[in-house]
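Coordinates as given in entry31.cif (mmCIF, C-alpha atoms (C1' of nucleotides)):
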```
data_final
loop_
_atom_site.group_PDB
_atom_site.id
_atom_site.type_symbol
_atom_site.label_atom_id
_atom_site.label_comp_id
_atom_site.auth_asym_id
_atom_site.auth_seq_id
_atom_site.Cartn_x
_atom_site.Cartn_y
_atom_site.Cartn_z
ATOM 1 C CA MET A 137 115.263 72.092 151.187
ATOM 2 C CA LYS A 138 115.048 68.341 151.378
ATOM 3 C CA LYS A 139 115.718 66.732 154.737
ATOM 4 C CA LYS A 140 119.120 65.145 155.231
ATOM 5 C CA ASN A 141 119.784 61.565 154.300
ATOM 6 C CA GLU A 142 119.669 59.470 157.508
ATOM 7 C CA ALA A 143 122.839 57.573 156.742
ATOM 8 C CA SER A 144 125.141 60.522 156.006
ATOM 9 C CA GLU A 145 125.441 64.199 156.817
ATOM 10 C CA ILE A 146 126.411 65.045 153.267
ATOM 11 C CA SER A 147 123.778 65.178 150.500
ATOM 12 C CA ILE A 148 124.242 63.273 147.266
ATOM 13 C CA GLY A 149 124.399 66.643 145.563
ATOM 14 C CA LYS A 150 127.432 67.727 147.589
ATOM 15 C CA GLN A 151 129.137 64.347 147.232
ATOM 16 C CA VAL A 152 128.773 64.398 143.473
ATOM 17 C CA ALA A 153 129.844 68.029 143.354
ATOM 18 C CA MET A 154 133.131 66.989 144.933
ATOM 19 C CA ARG A 155 133.721 64.167 142.480
ATOM 20 C CA MET A 156 132.916 66.218 139.381
ATOM 21 C CA PRO A 157 135.691 66.795 136.850
ATOM 22 C CA LYS A 158 137.223 70.262 136.893
ATOM 23 C CA ASP A 159 135.125 73.002 135.348
ATOM 24 C CA GLU A 160 137.765 73.478 132.705
ATOM 25 C CA ILE A 161 137.382 69.920 131.452
ATOM 26 C CA LEU A 162 133.620 70.103 131.336
ATOM 27 C CA TYR A 163 133.876 73.410 129.540
ATOM 28 C CA ASP A 164 136.196 71.885 126.957
ATOM 29 C CA MET A 165 133.838 68.956 126.450
ATOM 30 C CA ALA A 166 130.933 71.285 125.894
ATOM 31 C CA GLU A 167 133.030 73.283 123.455
ATOM 32 C CA LEU A 168 133.803 70.118 121.529
ATOM 33 C CA PHE A 169 130.126 69.237 121.238
ATOM 34 C CA LYS A 170 129.283 72.790 120.301
ATOM 35 C CA VAL A 171 131.533 72.395 117.293
ATOM 36 C CA PHE A 172 129.609 69.307 116.180
ATOM 37 C CA GLY A 173 126.349 71.100 116.859
ATOM 38 C CA ASP A 174 125.809 72.962 113.625
ATOM 39 C CA THR A 175 124.284 71.623 110.442
ATOM 40 C CA THR A 176 126.856 73.135 108.129
ATOM 41 C CA ARG A 177 129.716 71.657 110.129
ATOM 42 C CA THR A 178 127.914 68.333 110.408
ATOM 43 C CA LYS A 179 127.581 68.287 106.639
ATOM 44 C CA ILE A 180 131.221 69.116 106.176
ATOM 45 C CA LEU A 181 132.325 66.332 108.509
ATOM 46 C CA CYS A 182 129.954 63.949 106.838
ATOM 47 C CA ALA A 183 131.416 64.780 103.445
ATOM 48 C CA LEU A 184 134.960 64.352 104.728
ATOM 49 C CA PHE A 185 133.908 60.993 106.061
ATOM 50 C CA GLU A 186 133.689 59.887 102.436
ATOM 51 C CA SER A 187 136.981 61.314 101.298
ATOM 52 C CA GLU A 188 139.565 64.019 101.653
ATOM 53 C CA MET A 189 138.480 67.024 99.653
ATOM 54 C CA CYS A 190 139.387 70.561 98.662
ATOM 55 C CA VAL A 191 137.297 73.542 99.692
ATOM 56 C CA CYS A 192 135.596 73.971 96.369
ATOM 57 C CA ASP A 193 134.490 70.342 96.310
ATOM 58 C CA LEU A 194 133.309 70.705 99.908
ATOM 59 C CA THR A 195 131.392 73.796 98.953
ATOM 60 C CA GLU A 196 129.646 71.820 96.274
ATOM 61 C CA ALA A 197 129.129 68.806 98.518
ATOM 62 C CA VAL A 198 127.380 70.702 101.289
ATOM 63 C CA GLY A 199 125.590 73.238 99.105
ATOM 64 C CA MET A 200 126.567 76.395 100.942
ATOM 65 C CA THR A 201 128.538 79.444 99.866
ATOM 66 C CA GLN A 202 132.307 79.212 99.790
ATOM 67 C CA SER A 203 132.517 81.861 102.480
ATOM 68 C CA ALA A 204 130.229 80.033 104.879
ATOM 69 C CA VAL A 205 132.167 76.816 104.361
ATOM 70 C CA SER A 206 135.482 78.536 104.933
ATOM 71 C CA HIS A 207 134.291 80.145 108.151
ATOM 72 C CA GLN A 208 133.115 76.804 109.461
ATOM 73 C CA LEU A 209 136.312 75.082 108.391
ATOM 74 C CA ARG A 210 138.247 77.522 110.508
ATOM 75 C CA ILE A 211 136.204 76.482 113.531
ATOM 76 C CA LEU A 212 136.679 72.793 112.767
ATOM 77 C CA ARG A 213 140.398 73.382 112.299
ATOM 78 C CA HIS A 214 140.770 75.141 115.640
ATOM 79 C CA ALA A 215 138.947 72.283 117.333
ATOM 80 C CA ARG A 216 141.392 69.890 115.632
ATOM 81 C CA LEU A 217 138.532 67.970 114.086
ATOM 82 C CA VAL A 218 139.927 68.420 110.593
ATOM 83 C CA LEU A 219 143.357 68.704 109.053
ATOM 84 C CA VAL A 220 144.485 70.759 106.077
ATOM 85 C CA LYS A 221 147.261 70.339 103.642
ATOM 86 C CA ARG A 222 147.863 72.874 100.990
ATOM 87 C CA LYS A 223 148.665 71.645 97.476
ATOM 88 C CA GLY A 224 149.248 74.494 95.098
ATOM 89 C CA LYS A 225 146.240 76.724 95.225
ATOM 90 C CA LEU A 226 143.979 74.061 96.678
ATOM 91 C CA SER A 227 143.525 73.281 100.373
ATOM 92 C CA TYR A 228 142.714 69.674 101.081
ATOM 93 C CA TYR A 229 140.769 68.920 104.214
ATOM 94 C CA SER A 230 140.430 65.575 105.983
ATOM 95 C CA LEU A 231 139.069 64.234 109.253
ATOM 96 C CA GLY A 232 141.254 64.866 112.258
ATOM 97 C CA ASP A 233 141.428 61.710 114.312
ATOM 98 C CA ASN A 234 139.553 58.536 115.096
ATOM 99 C CA HIS A 235 137.559 60.009 117.946
ATOM 100 C CA VAL A 236 135.812 62.188 115.427
ATOM 101 C CA LYS A 237 134.727 59.150 113.473
ATOM 102 C CA LYS A 238 133.618 57.260 116.572
ATOM 103 C CA ILE A 239 131.698 60.138 118.101
ATOM 104 C CA PHE A 240 130.114 60.812 114.775
ATOM 105 C CA SER A 241 128.929 57.280 114.125
ATOM 106 C CA MET A 242 127.690 56.948 117.691
ATOM 107 C CA ALA A 243 125.553 60.034 117.197
ATOM 108 C CA MET A 244 124.344 58.700 113.885
ATOM 109 C CA GLU A 245 123.180 55.522 115.604
ATOM 110 C CA HIS A 246 121.389 57.495 118.262
ATOM 111 C CA THR A 247 119.744 59.689 115.648
ATOM 112 C CA LEU A 248 118.623 56.836 113.430
ATOM 113 C CA GLU A 249 117.371 54.673 116.274
ATOM 114 C CA PRO A 250 113.607 54.098 116.242
ATOM 115 C CA LYS A 251 111.920 55.897 119.075
ATOM 116 C CA MET B 15 136.317 76.814 89.220
ATOM 117 C CA LYS B 16 138.630 73.852 89.282
ATOM 118 C CA LYS B 17 139.106 71.958 86.041
ATOM 119 C CA LYS B 18 137.232 68.705 85.722
ATOM 120 C CA ASN B 19 138.727 65.429 86.884
ATOM 121 C CA GLU B 20 140.090 63.644 83.796
ATOM 122 C CA ALA B 21 138.541 60.298 84.689
ATOM 123 C CA SER B 22 134.959 61.432 85.284
ATOM 124 C CA GLU B 23 132.634 64.211 84.265
ATOM 125 C CA ILE B 24 131.265 64.574 87.797
ATOM 126 C CA SER B 25 133.270 66.384 90.480
ATOM 127 C CA ILE B 26 133.937 64.757 93.836
ATOM 128 C CA GLY B 27 131.808 67.473 95.363
ATOM 129 C CA LYS B 28 128.769 66.466 93.291
ATOM 130 C CA GLN B 29 129.360 62.766 93.878
ATOM 131 C CA VAL B 30 129.536 63.230 97.621
ATOM 132 C CA ALA B 31 126.557 65.567 97.578
ATOM 133 C CA MET B 32 124.530 62.718 96.097
ATOM 134 C CA ARG B 33 125.638 60.219 98.709
ATOM 135 C CA MET B 34 125.050 62.532 101.693
ATOM 136 C CA PRO B 35 122.398 61.515 104.235
ATOM 137 C CA LYS B 36 119.142 63.416 104.028
ATOM 138 C CA ASP B 37 119.225 66.961 105.386
ATOM 139 C CA GLU B 38 116.760 65.961 108.044
ATOM 140 C CA ILE B 39 119.119 63.366 109.490
ATOM 141 C CA LEU B 40 122.071 65.722 109.514
ATOM 142 C CA TYR B 41 119.900 68.337 111.126
ATOM 143 C CA ASP B 42 118.857 65.908 113.843
ATOM 144 C CA MET B 43 122.453 64.932 114.468
ATOM 145 C CA ALA B 44 123.468 68.558 114.824
ATOM 146 C CA GLU B 45 120.547 69.078 117.193
ATOM 147 C CA LEU B 46 121.731 66.180 119.306
ATOM 148 C CA PHE B 47 125.227 67.616 119.570
ATOM 149 C CA LYS B 48 123.829 71.042 120.302
ATOM 150 C CA VAL B 49 122.171 69.580 123.366
ATOM 151 C CA PHE B 50 125.503 68.248 124.593
ATOM 152 C CA GLY B 51 127.138 71.552 123.777
ATOM 153 C CA ASP B 52 126.429 73.571 126.893
ATOM 154 C CA THR B 53 128.400 73.537 130.118
ATOM 155 C CA THR B 54 125.393 73.400 132.389
ATOM 156 C CA ARG B 55 123.962 70.436 130.533
ATOM 157 C CA THR B 56 127.356 68.761 130.392
ATOM 158 C CA LYS B 57 127.585 69.119 134.163
ATOM 159 C CA ILE B 58 124.126 67.704 134.646
ATOM 160 C CA LEU B 59 124.900 64.681 132.490
ATOM 161 C CA CYS B 60 128.189 64.204 134.242
ATOM 162 C CA ALA B 61 126.457 64.228 137.617
ATOM 163 C CA LEU B 62 123.825 61.742 136.425
ATOM 164 C CA PHE B 63 126.674 59.559 135.251
ATOM 165 C CA GLU B 64 127.437 58.994 138.922
ATOM 166 C CA SER B 65 123.911 58.293 140.025
ATOM 167 C CA GLU B 66 120.237 58.956 139.578
ATOM 168 C CA MET B 67 119.335 62.148 141.396
ATOM 169 C CA CYS B 68 116.514 64.540 142.220
ATOM 170 C CA VAL B 69 116.509 68.118 140.965
ATOM 171 C CA CYS B 70 117.583 69.652 144.249
ATOM 172 C CA ASP B 71 120.597 67.355 144.459
ATOM 173 C CA LEU B 72 121.398 68.118 140.849
ATOM 174 C CA THR B 73 121.132 71.802 141.589
ATOM 175 C CA GLU B 74 123.669 71.374 144.339
ATOM 176 C CA ALA B 75 125.882 69.092 142.259
ATOM 177 C CA VAL B 76 126.239 71.502 139.368
ATOM 178 C CA GLY B 77 126.187 74.714 141.371
ATOM 179 C CA MET B 78 123.593 76.611 139.378
ATOM 180 C CA THR B 79 120.195 78.004 140.298
ATOM 181 C CA GLN B 80 117.259 75.626 140.472
ATOM 182 C CA SER B 81 115.593 77.487 137.639
ATOM 183 C CA ALA B 82 118.564 77.220 135.324
ATOM 184 C CA VAL B 83 118.857 73.520 136.042
ATOM 185 C CA SER B 84 115.158 72.945 135.424
ATOM 186 C CA HIS B 85 115.258 74.762 132.115
ATOM 187 C CA GLN B 86 118.180 72.672 130.969
ATOM 188 C CA LEU B 87 116.556 69.465 132.177
ATOM 189 C CA ARG B 88 113.601 70.203 129.964
ATOM 190 C CA ILE B 89 115.931 70.391 126.971
ATOM 191 C CA LEU B 90 117.669 67.160 127.953
ATOM 192 C CA ARG B 91 114.305 65.496 128.442
ATOM 193 C CA HIS B 92 113.043 66.509 125.018
ATOM 194 C CA ALA B 93 116.217 65.169 123.472
ATOM 195 C CA ARG B 94 115.580 61.907 125.333
ATOM 196 C CA LEU B 95 118.992 62.079 126.928
ATOM 197 C CA VAL B 96 117.547 61.821 130.420
ATOM 198 C CA LEU B 97 114.558 60.134 132.000
ATOM 199 C CA VAL B 98 112.386 61.325 134.876
ATOM 200 C CA LYS B 99 110.337 59.485 137.379
ATOM 201 C CA ARG B 100 108.322 61.352 139.914
ATOM 202 C CA LYS B 101 108.326 60.070 143.491
ATOM 203 C CA GLY B 102 106.173 62.197 145.735
ATOM 204 C CA LYS B 103 107.295 65.739 145.417
ATOM 205 C CA LEU B 104 110.714 64.813 144.075
ATOM 206 C CA SER B 105 111.611 64.243 140.426
ATOM 207 C CA TYR B 106 114.385 61.741 139.893
ATOM 208 C CA TYR B 107 116.443 62.088 136.769
ATOM 209 C CA SER B 108 118.704 59.488 135.196
ATOM 210 C CA LEU B 109 120.663 59.009 131.975
ATOM 211 C CA GLY B 110 118.575 58.069 128.978
ATOM 212 C CA ASP B 111 120.302 55.302 127.092
ATOM 213 C CA ASN B 112 123.695 53.773 126.455
ATOM 214 C CA HIS B 113 124.490 55.959 123.491
ATOM 215 C CA VAL B 114 124.594 58.889 125.855
ATOM 216 C CA LYS B 115 127.223 57.188 127.948
ATOM 217 C CA LYS B 116 129.264 56.131 124.955
ATOM 218 C CA ILE B 117 129.173 59.498 123.242
ATOM 219 C CA PHE B 118 130.016 61.152 126.500
ATOM 220 C CA SER B 119 133.037 59.007 127.320
ATOM 221 C CA MET B 120 134.291 59.261 123.752
ATOM 222 C CA ALA B 121 134.208 63.044 124.038
ATOM 223 C CA MET B 122 135.914 62.852 127.404
ATOM 224 C CA GLU B 123 138.744 60.848 125.833
ATOM 225 C CA HIS B 124 139.112 63.340 123.040
ATOM 226 C CA THR B 125 139.123 66.226 125.502
ATOM 227 C CA LEU B 126 141.657 64.687 127.850
ATOM 228 C CA GLU B 127 143.964 63.510 125.108
ATOM 229 C CA PRO B 128 147.353 65.254 125.097
ATOM 230 C CA LYS B 129 147.723 67.542 122.120
ATOM 231 C "C1'" DT C 110 154.187 90.736 85.788
ATOM 232 C "C1'" DG C 111 149.257 90.475 85.847
ATOM 233 C "C1'" DA C 112 144.978 87.930 85.141
ATOM 234 C "C1'" DA C 113 142.383 84.177 86.923
ATOM 235 C "C1'" DC C 114 141.388 81.215 90.370
ATOM 236 C "C1'" DA C 115 141.160 79.171 95.361
ATOM 237 C "C1'" DT C 116 140.751 80.214 99.908
ATOM 238 C "C1'" DA C 117 140.476 83.118 104.044
ATOM 239 C "C1'" DT C 118 138.786 86.763 106.819
ATOM 240 C "C1'" DG C 119 136.600 91.161 108.797
ATOM 241 C "C1'" DA C 120 132.343 93.687 109.602
ATOM 242 C "C1'" DA C 121 127.556 94.001 109.891
ATOM 243 C "C1'" DC C 122 123.249 92.008 110.636
ATOM 244 C "C1'" DT C 123 119.999 88.609 112.482
ATOM 245 C "C1'" DG C 124 118.332 84.855 114.856
ATOM 246 C "C1'" DT C 125 119.231 81.834 118.681
ATOM 247 C "C1'" DT C 126 120.285 80.465 123.348
ATOM 248 C "C1'" DG C 127 121.010 80.657 128.438
ATOM 249 C "C1'" DT C 128 120.252 83.003 132.634
ATOM 250 C "C1'" DT C 129 117.456 85.475 135.883
ATOM 251 C "C1'" DC C 130 113.329 86.791 138.129
ATOM 252 C "C1'" DA C 131 108.755 86.099 139.177
ATOM 253 C "C1'" DT C 132 105.378 83.003 139.591
ATOM 254 C "C1'" DA C 133 102.587 78.801 138.642
ATOM 255 C "C1'" DT C 134 101.827 73.870 139.475
ATOM 256 C "C1'" DG C 135 101.954 69.891 142.139
ATOM 257 C "C1'" DT C 136 102.719 67.198 146.480
ATOM 258 C "C1'" DT C 137 102.993 66.291 151.453
ATOM 259 C "C1'" DC C 138 101.625 66.554 156.030
ATOM 260 C "C1'" DA C 139 100.098 68.793 160.203
ATOM 261 C "C1'" DT D 191 92.517 72.915 154.162
ATOM 262 C "C1'" DG D 192 96.676 75.610 154.043
ATOM 263 C "C1'" DA D 193 101.598 76.113 154.848
ATOM 264 C "C1'" DA D 194 105.961 74.478 153.226
ATOM 265 C "C1'" DC D 195 108.576 72.469 149.938
ATOM 266 C "C1'" DA D 196 110.016 70.675 145.061
ATOM 267 C "C1'" DT D 197 109.809 71.504 140.444
ATOM 268 C "C1'" DA D 198 108.435 73.770 136.129
ATOM 269 C "C1'" DT D 199 107.748 77.564 133.137
ATOM 270 C "C1'" DG D 200 106.985 82.270 130.849
ATOM 271 C "C1'" DA D 201 108.972 86.757 129.800
ATOM 272 C "C1'" DA D 202 112.752 89.810 129.367
ATOM 273 C "C1'" DC D 203 117.380 90.644 128.586
ATOM 274 C "C1'" DA D 204 122.198 89.963 127.285
ATOM 275 C "C1'" DA D 205 125.581 87.366 124.942
ATOM 276 C "C1'" DC D 206 126.742 84.600 121.142
ATOM 277 C "C1'" DA D 207 126.927 82.298 116.661
ATOM 278 C "C1'" DG D 208 126.178 81.802 111.562
ATOM 279 C "C1'" DT D 209 125.451 83.876 107.146
ATOM 280 C "C1'" DT D 210 126.338 87.318 103.743
ATOM 281 C "C1'" DC D 211 128.968 90.664 101.357
ATOM 282 C "C1'" DA D 212 133.079 92.727 100.279
ATOM 283 C "C1'" DT D 213 137.643 92.174 99.990
ATOM 284 C "C1'" DA D 214 142.321 90.447 101.162
ATOM 285 C "C1'" DT D 215 145.834 86.878 100.609
ATOM 286 C "C1'" DG D 216 148.127 83.416 98.177
ATOM 287 C "C1'" DT D 217 149.125 80.562 94.024
ATOM 288 C "C1'" DT D 218 149.550 79.385 89.108
ATOM 289 C "C1'" DC D 219 150.580 80.132 84.496
ATOM 290 C "C1'" DA D 220 150.626 82.589 80.185
#
```
Kindly present the structure from the file in structure tokens form.
Amino acid sequence: MKKKNEASEISIGKQVAMRMPKDEILYDMAELFKVFGDTTRTKILCALFESEMCVCDLTEAVGMTQSAVSHQLRILRHARLVLVKRKGKLSYYSLGDNHVKKIFSMAMEHTLEPK
Amino acid sequence: MKKKNEASEISIGKQVAMRMPKDEILYDMAELFKVFGDTTRTKILCALFESEMCVCDLTEAVGMTQSAVSHQLRILRHARLVLVKRKGKLSYYSLGDNHVKKIFSMAMEHTLEPK
DNA sequence: TGAACATATGAACTGTTGTTCATATGTTCA
DNA sequence: TGAACATATGAACAACAGTTCATATGTTCA
């Protein structure tokens, strides 16, 4: 163990531990990122960035099977990252809220940035 | 299959497919999110948000074993989300760049938002 | 009503990921 | 130099996540 900081009895580690957000919040944040963290879902979101679309167009746009797309849409739906409205036999999906767009473009910047 | 759009021969799906970023970019984006998408790593980043810290303080801050923390730090390092500088026998970690902070606070907003 | 289409979902399989445990590497200081 | 400490890492194991395949549900329209 490291020796105690002269100025205080409590280590930085302990201090920060006390100020940390509740586990539940951090868990939820991680869950949110987990949803973004899959190529198929990233593709879907990226496609929806361009325009609202039905599942069969999405399937074509991302180049995966209809089943795979549907499974991933369910996950995106539950995370409230996308919205659905049914019109006849088609289900139209769109991006959920503005956070999605902001987070997404922020990540795009980070990814494209020269290293 | 859905009948063709009257106005154009090419479906929205195909059009969007053509405008999509390269697979490699989408893959990298997903990889970035994947790194954020784990509670231990989220905790680590959250702690580093408060201040630069050595591994043993981090270990205390997030309440996991030293080994677990070290393994996750390696992943964060490779993703360039954190920086290390060695001082004597201690390794001090800090947040990598501003994107990290922005993405992180954006996600926090989304998570805390009332549903 | 029933055929054709759009979408959703369950089960099985496979690959991936995170933790633990043991141990290696690297640094200080007596 | 060697003991004590800080950090890193490899291997094994368990849990989880994504795709596929088969099929169910729901909708339209002849």
Show me, as JSON, numbers by chain, the residues that have an atom within 8 Å of stretch 118-131 of chain C when counting all atoms listed in the file, minus same-chain residues fewer than 2 positions from it. {"B": [82], "D": [206, 207, 214]}
Give me the result of the PyMOL selection byres ((chain A and resi 153) around 8) on this file, residue by residue, as an MDAnalysis selection string. (chainID A and resid 149:152 154:156) or (chainID B and resid 61 74:77)
Those same residues, written as a PDB file, keeping the file's coordinate frame with C-alpha atoms?
```pdb
ATOM      1  CA  GLY A 149     124.399  66.643 145.563  1.00  0.00           C
ATOM      2  CA  LYS A 150     127.432  67.727 147.589  1.00  0.00           C
ATOM      3  CA  GLN A 151     129.137  64.347 147.232  1.00  0.00           C
ATOM      4  CA  VAL A 152     128.773  64.398 143.473  1.00  0.00           C
ATOM      5  CA  MET A 154     133.131  66.989 144.933  1.00  0.00           C
ATOM      6  CA  ARG A 155     133.721  64.167 142.480  1.00  0.00           C
ATOM      7  CA  MET A 156     132.916  66.218 139.381  1.00  0.00           C
TER       8      MET A 156
ATOM      9  CA  ALA B  61     126.457  64.228 137.617  1.00  0.00           C
ATOM     10  CA  GLU B  74     123.669  71.374 144.339  1.00  0.00           C
ATOM     11  CA  ALA B  75     125.882  69.092 142.259  1.00  0.00           C
ATOM     12  CA  VAL B  76     126.239  71.502 139.368  1.00  0.00           C
ATOM     13  CA  GLY B  77     126.187  74.714 141.371  1.00  0.00           C
TER      14      GLY B  77
END
```
Please, which residues of chain B lie no more than 12 Å from chain C when the count uses all atoms listed in the file, and can they be set out as JSON, numbers by chain? {"B": [15, 16, 17, 48, 49, 51, 52, 53, 54, 55, 78, 79, 80, 81, 82, 83, 84, 85, 86, 89, 100, 101, 102, 103, 104, 105]}
Based on the selection just made, write C-alpha atoms of those residues as an mmCIF file, keeping the file's coordinate frame.
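result36.cif was written with the following content:
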```cif
data_model
loop_
_atom_site.group_PDB
_atom_site.id
_atom_site.type_symbol
_atom_site.label_atom_id
_atom_site.label_comp_id
_atom_site.auth_asym_id
_atom_site.auth_seq_id
_atom_site.Cartn_x
_atom_site.Cartn_y
_atom_site.Cartn_z
ATOM 1 C CA MET B 15 136.317 76.814 89.220
ATOM 2 C CA LYS B 16 138.630 73.852 89.282
ATOM 3 C CA LYS B 17 139.106 71.958 86.041
ATOM 4 C CA LYS B 48 123.829 71.042 120.302
ATOM 5 C CA VAL B 49 122.171 69.580 123.366
ATOM 6 C CA GLY B 51 127.138 71.552 123.777
ATOM 7 C CA ASP B 52 126.429 73.571 126.893
ATOM 8 C CA THR B 53 128.400 73.537 130.118
ATOM 9 C CA THR B 54 125.393 73.400 132.389
ATOM 10 C CA ARG B 55 123.962 70.436 130.533
ATOM 11 C CA MET B 78 123.593 76.611 139.378
ATOM 12 C CA THR B 79 120.195 78.004 140.298
ATOM 13 C CA GLN B 80 117.259 75.626 140.472
ATOM 14 C CA SER B 81 115.593 77.487 137.639
ATOM 15 C CA ALA B 82 118.564 77.220 135.324
ATOM 16 C CA VAL B 83 118.857 73.520 136.042
ATOM 17 C CA SER B 84 115.158 72.945 135.424
ATOM 18 C CA HIS B 85 115.258 74.762 132.115
ATOM 19 C CA GLN B 86 118.180 72.672 130.969
ATOM 20 C CA ILE B 89 115.931 70.391 126.971
ATOM 21 C CA ARG B 100 108.322 61.352 139.914
ATOM 22 C CA LYS B 101 108.326 60.070 143.491
ATOM 23 C CA GLY B 102 106.173 62.197 145.735
ATOM 24 C CA LYS B 103 107.295 65.739 145.417
ATOM 25 C CA LEU B 104 110.714 64.813 144.075
ATOM 26 C CA SER B 105 111.611 64.243 140.426
#
```
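Among the candidates A:Lys158, A:Glu249, A:Ser241, A:Tyr163, the residue lying nearest to chain B is A:Tyr163 (atoms considered: only C-alpha atoms).
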Selection in question (the file shown): the PyMOL selection byres ((chain B and resi 65) around 10). Which residues does it include, as an MDAnalysis selection string? (chainID A and resid 148 152) or (chainID B and resid 59:64 66:68 107:109)
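Distances to chain B were evaluated for A:Leu194, A:Ile180, A:Ala215, A:Val220 using only C-alpha atoms, and the minimum falls at A:Leu194.
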Show which residues sit within 12 Å of A:Arg216, as an NGL selection string. Count all atoms listed in the file, and ignore same-chain residues fewer than 2 positions away. (:A and (167-168 or 171-172 or 209-214 or 218-220 or 229-236)) or (:B and (124-125 or 127 or 129))
Given only C-alpha atoms (C1' of nucleotides), how would the per-residue table for chain D near chain A read, listing every residue at most 9 Å away with its closest atom pair and distance in Å to one decimal, sorted by chain and number, as a Markdown table?
```
| residue | atom | partner | partner_atom | distance |
| --- | --- | --- | --- | --- |
| D:DC195 | C1' | A:Met137 | CA | 6.8 |
| D:DA196 | C1' | A:Met137 | CA | 8.2 |
| D:DG208 | C1' | A:Ala204 | CA | 8.0 |
| D:DT209 | C1' | A:Ala204 | CA | 6.5 |
| D:DT210 | C1' | A:Ala204 | CA | 8.3 |
| D:DG216 | C1' | A:Lys225 | CA | 7.6 |
| D:DT217 | C1' | A:Lys225 | CA | 4.9 |
| D:DT218 | C1' | A:Lys225 | CA | 7.4 |
```
Report, in Å with one decimal, the straight-line distance from atom CA of A:Leu217 to atom CA of B:Ala121.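 Interatomic distance, atom CA of A:Leu217 to atom CA of B:Ala121: 11.9 Å.
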In Å, with one decimal, what is the gap from atom C1' of D:DT197 to atom CA of B:Lys57?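 Spanning atom C1' of D:DT197 to atom CA of B:Lys57 is a straight-line distance of 19.0 Å.
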Could you state the separation of atom CA of A:Ala166 and atom CA of B:Ile39 in Å, given to one decimal place?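 According to the coordinates, atom CA of A:Ala166 and atom CA of B:Ile39 are separated by 21.7 Å.
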Using only C-alpha atoms, the shortest atom-to-atom distance to chain B among A:Met244, A:Lys237, A:Lys221, A:Ile146 belongs to A:Met244
